[in-house]
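Worksheet: one structure, shown below.
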Amino acid sequence: IRSIDANPSQTTSDEEVDIARTTHELMVEIMEQGMAPSFQDWSSLLHHVNRNCLSVSVRSNYAIACGRIEEDSLHPEQYDYLLDRTESSSLIELIDEADHHFPPIKSFCLLKETPMISCVPSHGIACDNMQELRYRLIVAGDGGSQFKPLTCSRIDNDTDLEDRTFALKEKGIECHCVRCRFERHPEESDCTMEELESIMALARFQTRYDDASDIVNGMLKLTPRDGAALLLQSRIAGWQGDFHKREMLLNEAAVAADTNCEPIHVALKEANAYYRRRHV
């Protein structure tokens, strides 16, 4: 155990200090005083682990082997072994539902490097087999396809601001990412259109449509006649199942858009045709 460059006293809660003290006493008892790390080193280590430890789903080697069957790279005896493991007689079913028969293993990883923290992460931790962990680009978040500075979430980000703030606080983290800033003060947001688009992409990906509606309202404050934002506003109503509101918003968008926005007119034409068919 080596000392980590951190000063827990600056960001560590009293509860964490109590845990560190209790576990350090156990370490001393197990390893003896001369072999055990100092309390400062132990506290720094626990603080680092708490802050940088992430859960990750590790795909089963059996499920990976099922994927190799399609490439004809497994011996027939291995087919039989996999079938026996699942008590299945259908090789096709086994291939199609490999992750059902061999569900991922919940594991934990400790980040060697510390990427920027964000609740609209550009990357997540992926594991294709039992040995290799890597960062996976999340296209839905933080404009990831534009390869901005790598950001990563330390918690489950498919939650509201209060739950995320609490979970991050337990790790000694205060988040100032674009999503947290917007959700703290949506009416007074200073987010740019690009930042709002990144939050919107994640909200849609996670089917948080009420949040998506708030974000579009923020977009329209910046550019009230933006055709793309007006169209998105109508689509959110459709995602929520309110098709009457969707059609009303489309009609308003067709009038309000600052340019002749073709996608709005196409969507309005399709909506009108749909309602005509329903009332025939």
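Residue numbering restarts at 1 in every chain; chains get A, B, ... in the order shown in the structure tokens, and ligands count up from 1 in that same order.
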
Polymer residues at most 12 Å from segment 212-220 of chain A, only C-alpha atoms, same-chain spacing of 6 or more positions, as a CSV table (one decimal) with N, CA, C and O atoms, in the first residue's frame:
chain,number,residue,atom,x,y,z
A,178,VAL,N,-22.5,20.5,-17.0
A,178,VAL,CA,-23.5,21.3,-17.6
A,178,VAL,C,-24.9,20.8,-17.3
A,178,VAL,O,-25.8,21.6,-17.1
A,179,ARG,N,-25.1,19.5,-17.1
A,179,ARG,CA,-26.4,19.0,-16.7
A,179,ARG,C,-26.8,19.5,-15.3
A,179,ARG,O,-28.0,19.9,-15.1
A,181,ARG,N,-25.7,22.0,-13.7
A,181,ARG,CA,-25.9,23.5,-13.7
A,181,ARG,C,-27.3,23.8,-14.2
A,181,ARG,O,-28.0,24.7,-13.7
A,182,PHE,N,-27.7,23.2,-15.3
A,182,PHE,CA,-29.0,23.5,-15.9
A,182,PHE,C,-30.1,23.0,-15.0
A,182,PHE,O,-31.1,23.8,-14.8
A,183,GLU,N,-30.0,21.8,-14.4
A,183,GLU,CA,-31.1,21.3,-13.6
A,183,GLU,C,-31.2,22.1,-12.3
A,183,GLU,O,-32.3,22.1,-11.7
A,184,ARG,N,-30.2,22.7,-11.8
A,184,ARG,CA,-30.3,23.5,-10.6
A,184,ARG,C,-31.0,24.8,-10.8
A,184,ARG,O,-31.8,25.2,-10.0
A,185,HIS,N,-30.8,25.4,-12.0
A,185,HIS,CA,-31.5,26.7,-12.3
A,185,HIS,C,-31.9,26.7,-13.8
A,185,HIS,O,-31.4,27.5,-14.6
A,186,PRO,N,-32.9,25.9,-14.1
A,186,PRO,CA,-33.3,25.8,-15.5
A,186,PRO,C,-33.9,27.2,-16.1
A,186,PRO,O,-33.7,27.5,-17.3
A,187,GLU,N,-34.5,28.0,-15.2
A,187,GLU,CA,-35.0,29.3,-15.6
A,187,GLU,C,-33.9,30.3,-15.8
A,187,GLU,O,-34.2,31.3,-16.5
A,188,GLU,N,-32.8,30.1,-15.2
A,188,GLU,CA,-31.7,31.1,-15.3
A,188,GLU,C,-30.4,30.5,-15.9
A,188,GLU,O,-29.3,30.9,-15.6
A,189,SER,N,-30.6,29.5,-16.7
A,189,SER,CA,-29.5,28.8,-17.3
A,189,SER,C,-28.6,29.7,-18.2
A,189,SER,O,-29.1,30.5,-19.0
A,190,ASP,N,-27.3,29.5,-18.0
A,190,ASP,CA,-26.4,30.2,-18.9
A,190,ASP,C,-25.7,29.2,-19.9
A,190,ASP,O,-24.7,29.5,-20.5
A,191,CYS,N,-26.4,28.0,-20.1
A,191,CYS,CA,-25.8,27.0,-21.0
A,191,CYS,C,-25.9,27.5,-22.5
A,191,CYS,O,-26.9,28.1,-22.9
A,192,THR,N,-25.0,27.1,-23.3
A,192,THR,CA,-25.0,27.3,-24.7
A,192,THR,C,-25.9,26.4,-25.4
A,192,THR,O,-26.3,25.3,-24.8
A,193,MET,N,-26.2,26.6,-26.6
A,193,MET,CA,-27.1,25.7,-27.4
A,193,MET,C,-26.4,24.4,-27.6
A,193,MET,O,-27.0,23.3,-27.5
A,194,GLU,N,-25.1,24.3,-27.8
A,194,GLU,CA,-24.3,23.1,-27.9
A,194,GLU,C,-24.4,22.3,-26.6
A,194,GLU,O,-24.6,21.0,-26.7
A,195,GLU,N,-24.3,22.9,-25.5
A,195,GLU,CA,-24.4,22.2,-24.2
A,195,GLU,C,-25.8,21.7,-24.0
A,195,GLU,O,-26.0,20.5,-23.5
A,196,LEU,N,-26.8,22.5,-24.3
A,196,LEU,CA,-28.2,22.0,-24.2
A,196,LEU,C,-28.5,20.8,-25.1
A,196,LEU,O,-29.2,19.9,-24.7
A,197,GLU,N,-27.9,20.8,-26.3
A,197,GLU,CA,-28.1,19.7,-27.2
A,197,GLU,C,-27.5,18.4,-26.6
A,197,GLU,O,-28.0,17.3,-26.8
A,198,SER,N,-26.4,18.5,-25.9
A,198,SER,CA,-25.7,17.3,-25.3
A,198,SER,C,-26.6,16.8,-24.2
A,198,SER,O,-26.8,15.6,-24.1
A,199,ILE,N,-27.2,17.7,-23.4
A,199,ILE,CA,-28.1,17.2,-22.3
A,199,ILE,C,-29.3,16.6,-22.9
A,199,ILE,O,-29.9,15.6,-22.4
A,200,MET,N,-29.9,17.2,-24.0
A,200,MET,CA,-31.0,16.7,-24.7
A,200,MET,C,-30.8,15.3,-25.2
A,200,MET,O,-31.7,14.4,-25.1
A,201,ALA,N,-29.6,15.0,-25.8
A,201,ALA,CA,-29.4,13.7,-26.4
A,201,ALA,C,-29.4,12.6,-25.3
A,201,ALA,O,-30.0,11.6,-25.5
A,202,LEU,N,-28.8,12.9,-24.1
A,202,LEU,CA,-28.9,12.0,-23.1
A,202,LEU,C,-30.3,11.8,-22.5
A,202,LEU,O,-30.7,10.7,-22.2
A,203,ALA,N,-31.0,12.9,-22.3
A,203,ALA,CA,-32.4,12.8,-21.8
A,203,ALA,C,-33.3,11.9,-22.7
A,203,ALA,O,-34.0,11.1,-22.3
A,204,ARG,N,-33.1,12.1,-24.0
A,204,ARG,CA,-33.9,11.3,-25.0
A,204,ARG,C,-33.4,9.8,-24.9
A,204,ARG,O,-34.3,8.9,-24.9
A,205,PHE,N,-32.1,9.6,-24.8
A,205,PHE,CA,-31.6,8.2,-24.7
A,205,PHE,C,-32.1,7.5,-23.5
A,205,PHE,O,-32.4,6.3,-23.6
A,206,GLN,N,-32.3,8.2,-22.4
A,206,GLN,CA,-32.8,7.6,-21.2
A,206,GLN,C,-34.3,7.8,-21.0
A,206,GLN,O,-34.8,7.4,-19.9
A,226,ASP,N,-36.0,29.0,-33.6
A,226,ASP,CA,-35.1,27.9,-34.2
A,226,ASP,C,-36.0,26.7,-34.6
A,226,ASP,O,-36.7,26.1,-33.8
A,227,GLY,N,-36.0,26.4,-35.9
A,227,GLY,CA,-36.8,25.4,-36.5
A,227,GLY,C,-36.6,24.0,-35.9
A,227,GLY,O,-37.5,23.3,-35.6
A,228,ALA,N,-35.3,23.6,-35.7
A,228,ALA,CA,-35.0,22.3,-35.1
A,228,ALA,C,-35.5,22.2,-33.7
A,228,ALA,O,-36.0,21.1,-33.3
A,229,ALA,N,-35.4,23.2,-32.9
A,229,ALA,CA,-35.9,23.2,-31.5
A,229,ALA,C,-37.4,23.1,-31.5
A,229,ALA,O,-38.0,22.4,-30.7
A,230,LEU,N,-38.1,23.9,-32.3
A,230,LEU,CA,-39.5,23.8,-32.4
A,230,LEU,C,-40.0,22.4,-32.8
A,230,LEU,O,-41.0,21.9,-32.3
A,231,LEU,N,-39.3,21.8,-33.8
A,231,LEU,CA,-39.7,20.5,-34.2
A,231,LEU,C,-39.5,19.5,-33.1
A,231,LEU,O,-40.3,18.6,-32.8
A,232,LEU,N,-38.4,19.7,-32.4
A,232,LEU,CA,-38.1,18.8,-31.2
A,232,LEU,C,-39.1,18.9,-30.1
A,232,LEU,O,-39.6,17.9,-29.5
A,233,GLN,N,-39.6,20.1,-29.9
A,233,GLN,CA,-40.7,20.3,-28.9
A,233,GLN,C,-41.9,19.5,-29.3
A,233,GLN,O,-42.5,18.9,-28.4
A,234,SER,N,-42.3,19.5,-30.5
A,234,SER,CA,-43.5,18.7,-30.9
A,234,SER,C,-43.2,17.2,-30.8
A,234,SER,O,-44.1,16.5,-30.5
A,235,ARG,N,-42.0,16.8,-31.1
A,235,ARG,CA,-41.7,15.4,-31.1
A,235,ARG,C,-41.8,14.9,-29.6
A,235,ARG,O,-42.2,13.7,-29.4
A,236,ILE,N,-41.3,15.7,-28.7
A,236,ILE,CA,-41.4,15.3,-27.3
A,236,ILE,C,-42.8,15.0,-26.9
A,236,ILE,O,-43.1,14.1,-26.1
A,237,ALA,N,-43.8,15.9,-27.3
A,237,ALA,CA,-45.2,15.7,-27.0
A,237,ALA,C,-45.6,14.3,-27.6
A,237,ALA,O,-46.4,13.6,-26.9
A,238,GLY,N,-45.2,14.0,-28.8
A,238,GLY,CA,-45.5,12.7,-29.4
A,238,GLY,C,-44.9,11.5,-28.6
A,238,GLY,O,-45.6,10.5,-28.4
A,239,TRP,N,-43.7,11.7,-28.1
A,239,TRP,CA,-43.0,10.6,-27.3
A,239,TRP,C,-43.8,10.4,-26.0
A,239,TRP,O,-43.9,9.3,-25.5
A,240,GLN,N,-44.4,11.5,-25.5
A,240,GLN,CA,-45.2,11.4,-24.3
A,240,GLN,C,-46.6,10.9,-24.5
A,240,GLN,O,-47.4,10.7,-23.6
A,253,ALA,N,-45.1,25.7,-35.0
A,253,ALA,CA,-43.7,25.7,-35.5
A,253,ALA,C,-43.6,26.1,-36.9
A,253,ALA,O,-42.7,26.8,-37.3
A,256,ALA,N,-43.9,29.8,-36.8
A,256,ALA,CA,-42.9,30.6,-36.0
A,256,ALA,C,-41.5,30.4,-36.5
A,256,ALA,O,-40.6,31.3,-36.3
A,257,ALA,N,-41.2,29.3,-37.2
A,257,ALA,CA,-39.8,29.0,-37.6
A,257,ALA,C,-39.2,30.2,-38.4
A,257,ALA,O,-39.9,30.8,-39.3

Check your understanding: DSSP on the backbone: what in segment 42-250 of chain A comes out strand (DSSP E or B), as a ChimeraX atom specification?
Key -> /A:53-58,105-110,116-117,123-127,133-137,151-152

Selection from above, C-alpha atoms, as a short mmCIF file (atom, residue, chain, number, x, y, z; two decimals), in the first residue's frame, can you write it?
data_model
loop_
_atom_site.label_atom_id
_atom_site.label_comp_id
_atom_site.auth_asym_id
_atom_site.auth_seq_id
_atom_site.Cartn_x
_atom_site.Cartn_y
_atom_site.Cartn_z
CA CYS A 53 -14.16 3.09 -7.95
CA LEU A 54 -16.81 2.35 -10.62
CA SER A 55 -19.15 -0.57 -11.09
CA VAL A 56 -18.98 -2.30 -14.46
CA SER A 57 -20.79 -5.22 -16.09
CA VAL A 58 -18.28 -7.79 -17.24
CA ILE A 105 -21.03 -10.27 -13.90
CA LYS A 106 -21.23 -7.13 -11.79
CA SER A 107 -17.68 -6.11 -10.98
CA PHE A 108 -15.74 -3.04 -9.91
CA CYS A 109 -12.79 -1.21 -11.36
CA LEU A 110 -10.50 1.43 -9.92
CA MET A 116 -13.36 14.84 -15.78
CA ILE A 117 -16.57 14.09 -13.89
CA HIS A 123 -17.42 7.75 -22.14
CA GLY A 124 -18.34 4.79 -19.98
CA ILE A 125 -16.41 1.73 -18.86
CA ALA A 126 -16.83 -1.25 -21.18
CA CYS A 127 -15.55 -4.79 -20.84
CA LEU A 133 -11.46 -2.90 -19.51
CA ARG A 134 -11.62 0.14 -21.75
CA TYR A 135 -13.41 3.44 -22.18
CA ARG A 136 -16.40 3.21 -24.53
CA LEU A 137 -17.62 6.29 -26.38
CA THR A 151 -15.65 12.75 -19.20
CA CYS A 152 -16.99 9.89 -17.11
#

Point to revise | Non-local contacts of Tyr62 of chain A (9 Å; only C-alpha atoms; under 2 positions in same chain excluded) as a list in words | key: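 Using only C-alpha atoms, the neighbours found are Arg59, Ser60, Ile64, Ala65, Cys66, Gly67, Leu82, Ala98, Asp99, His101 and Phe102 of chain A.
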
Those same residues - N, CA and C atoms - I'd like them written as a PDB file, in the first residue's frame.
ATOM      1  N   ARG A  59     -18.861  -8.965 -19.266  1.00  0.00           N
ATOM      2  CA  ARG A  59     -19.547  -9.982 -20.057  1.00  0.00           C
ATOM      3  C   ARG A  59     -18.939 -11.357 -19.809  1.00  0.00           C
ATOM      4  N   SER A  60     -19.809 -12.349 -19.664  1.00  0.00           N
ATOM      5  CA  SER A  60     -19.359 -13.702 -19.372  1.00  0.00           C
ATOM      6  C   SER A  60     -18.546 -14.281 -20.529  1.00  0.00           C
ATOM      7  N   ILE A  64     -19.330 -14.728 -24.635  1.00  0.00           N
ATOM      8  CA  ILE A  64     -18.372 -14.396 -25.689  1.00  0.00           C
ATOM      9  C   ILE A  64     -18.146 -15.600 -26.599  1.00  0.00           C
ATOM     10  N   ALA A  65     -18.057 -16.794 -25.993  1.00  0.00           N
ATOM     11  CA  ALA A  65     -17.872 -18.012 -26.781  1.00  0.00           C
ATOM     12  C   ALA A  65     -19.059 -18.258 -27.705  1.00  0.00           C
ATOM     13  N   CYS A  66     -20.268 -17.917 -27.233  1.00  0.00           N
ATOM     14  CA  CYS A  66     -21.453 -18.076 -28.086  1.00  0.00           C
ATOM     15  C   CYS A  66     -21.345 -17.214 -29.338  1.00  0.00           C
ATOM     16  N   GLY A  67     -20.790 -16.014 -29.192  1.00  0.00           N
ATOM     17  CA  GLY A  67     -20.614 -15.149 -30.348  1.00  0.00           C
ATOM     18  C   GLY A  67     -19.625 -15.725 -31.336  1.00  0.00           C
ATOM     19  N   LEU A  82     -21.485 -25.823 -24.189  1.00  0.00           N
ATOM     20  CA  LEU A  82     -22.304 -24.644 -23.944  1.00  0.00           C
ATOM     21  C   LEU A  82     -23.783 -25.008 -23.831  1.00  0.00           C
ATOM     22  N   ALA A  98     -27.514 -15.122 -25.746  1.00  0.00           N
ATOM     23  CA  ALA A  98     -26.336 -15.512 -24.959  1.00  0.00           C
ATOM     24  C   ALA A  98     -26.266 -14.778 -23.627  1.00  0.00           C
ATOM     25  N   ASP A  99     -26.554 -13.472 -23.634  1.00  0.00           N
ATOM     26  CA  ASP A  99     -26.448 -12.702 -22.396  1.00  0.00           C
ATOM     27  C   ASP A  99     -27.582 -13.020 -21.421  1.00  0.00           C
ATOM     28  N   HIS A 101     -28.727 -16.281 -21.066  1.00  0.00           N
ATOM     29  CA  HIS A 101     -28.274 -17.543 -20.481  1.00  0.00           C
ATOM     30  C   HIS A 101     -27.032 -17.358 -19.621  1.00  0.00           C
ATOM     31  N   PHE A 102     -26.171 -16.427 -20.038  1.00  0.00           N
ATOM     32  CA  PHE A 102     -24.934 -16.155 -19.295  1.00  0.00           C
ATOM     33  C   PHE A 102     -24.876 -14.667 -18.986  1.00  0.00           C
TER      34      PHE A 102
END

Exercise for review: Based on DSSP run over this structure's backbone, return all residues of segment 146-197 of chain A in helix (DSSP H, G or I), as a PyMOL selection string.
Suggested key: chain A and resi 146+161-170+178-184+186-188+193-197

Practice item. Using only C-alpha atoms, find the one residue out of A:Ala63, A:Ile138, A:Leu46, A:Ile264 that sits nearest to Asp96 of chain A. Key: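 Comparing A:Ala63, A:Ile138, A:Leu46, A:Ile264 against Asp96 of chain A, the winner is A:Ala63.
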
**Study point:** Computed interatomic separation between atom CA of Leu168 of chain A and atom CA of Val17 of chain A (Å)
**Key:**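 Distance reported for this atom pair: 16.9 Å.
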
Point to revise | Residue nearest Leu161 of chain A among A:Leu268, A:Ile173, A:Ile95, A:Cys119 (counting only C-alpha atoms) | key: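 Of the candidates, the smallest distance to Leu161 of chain A is held by A:Cys119.
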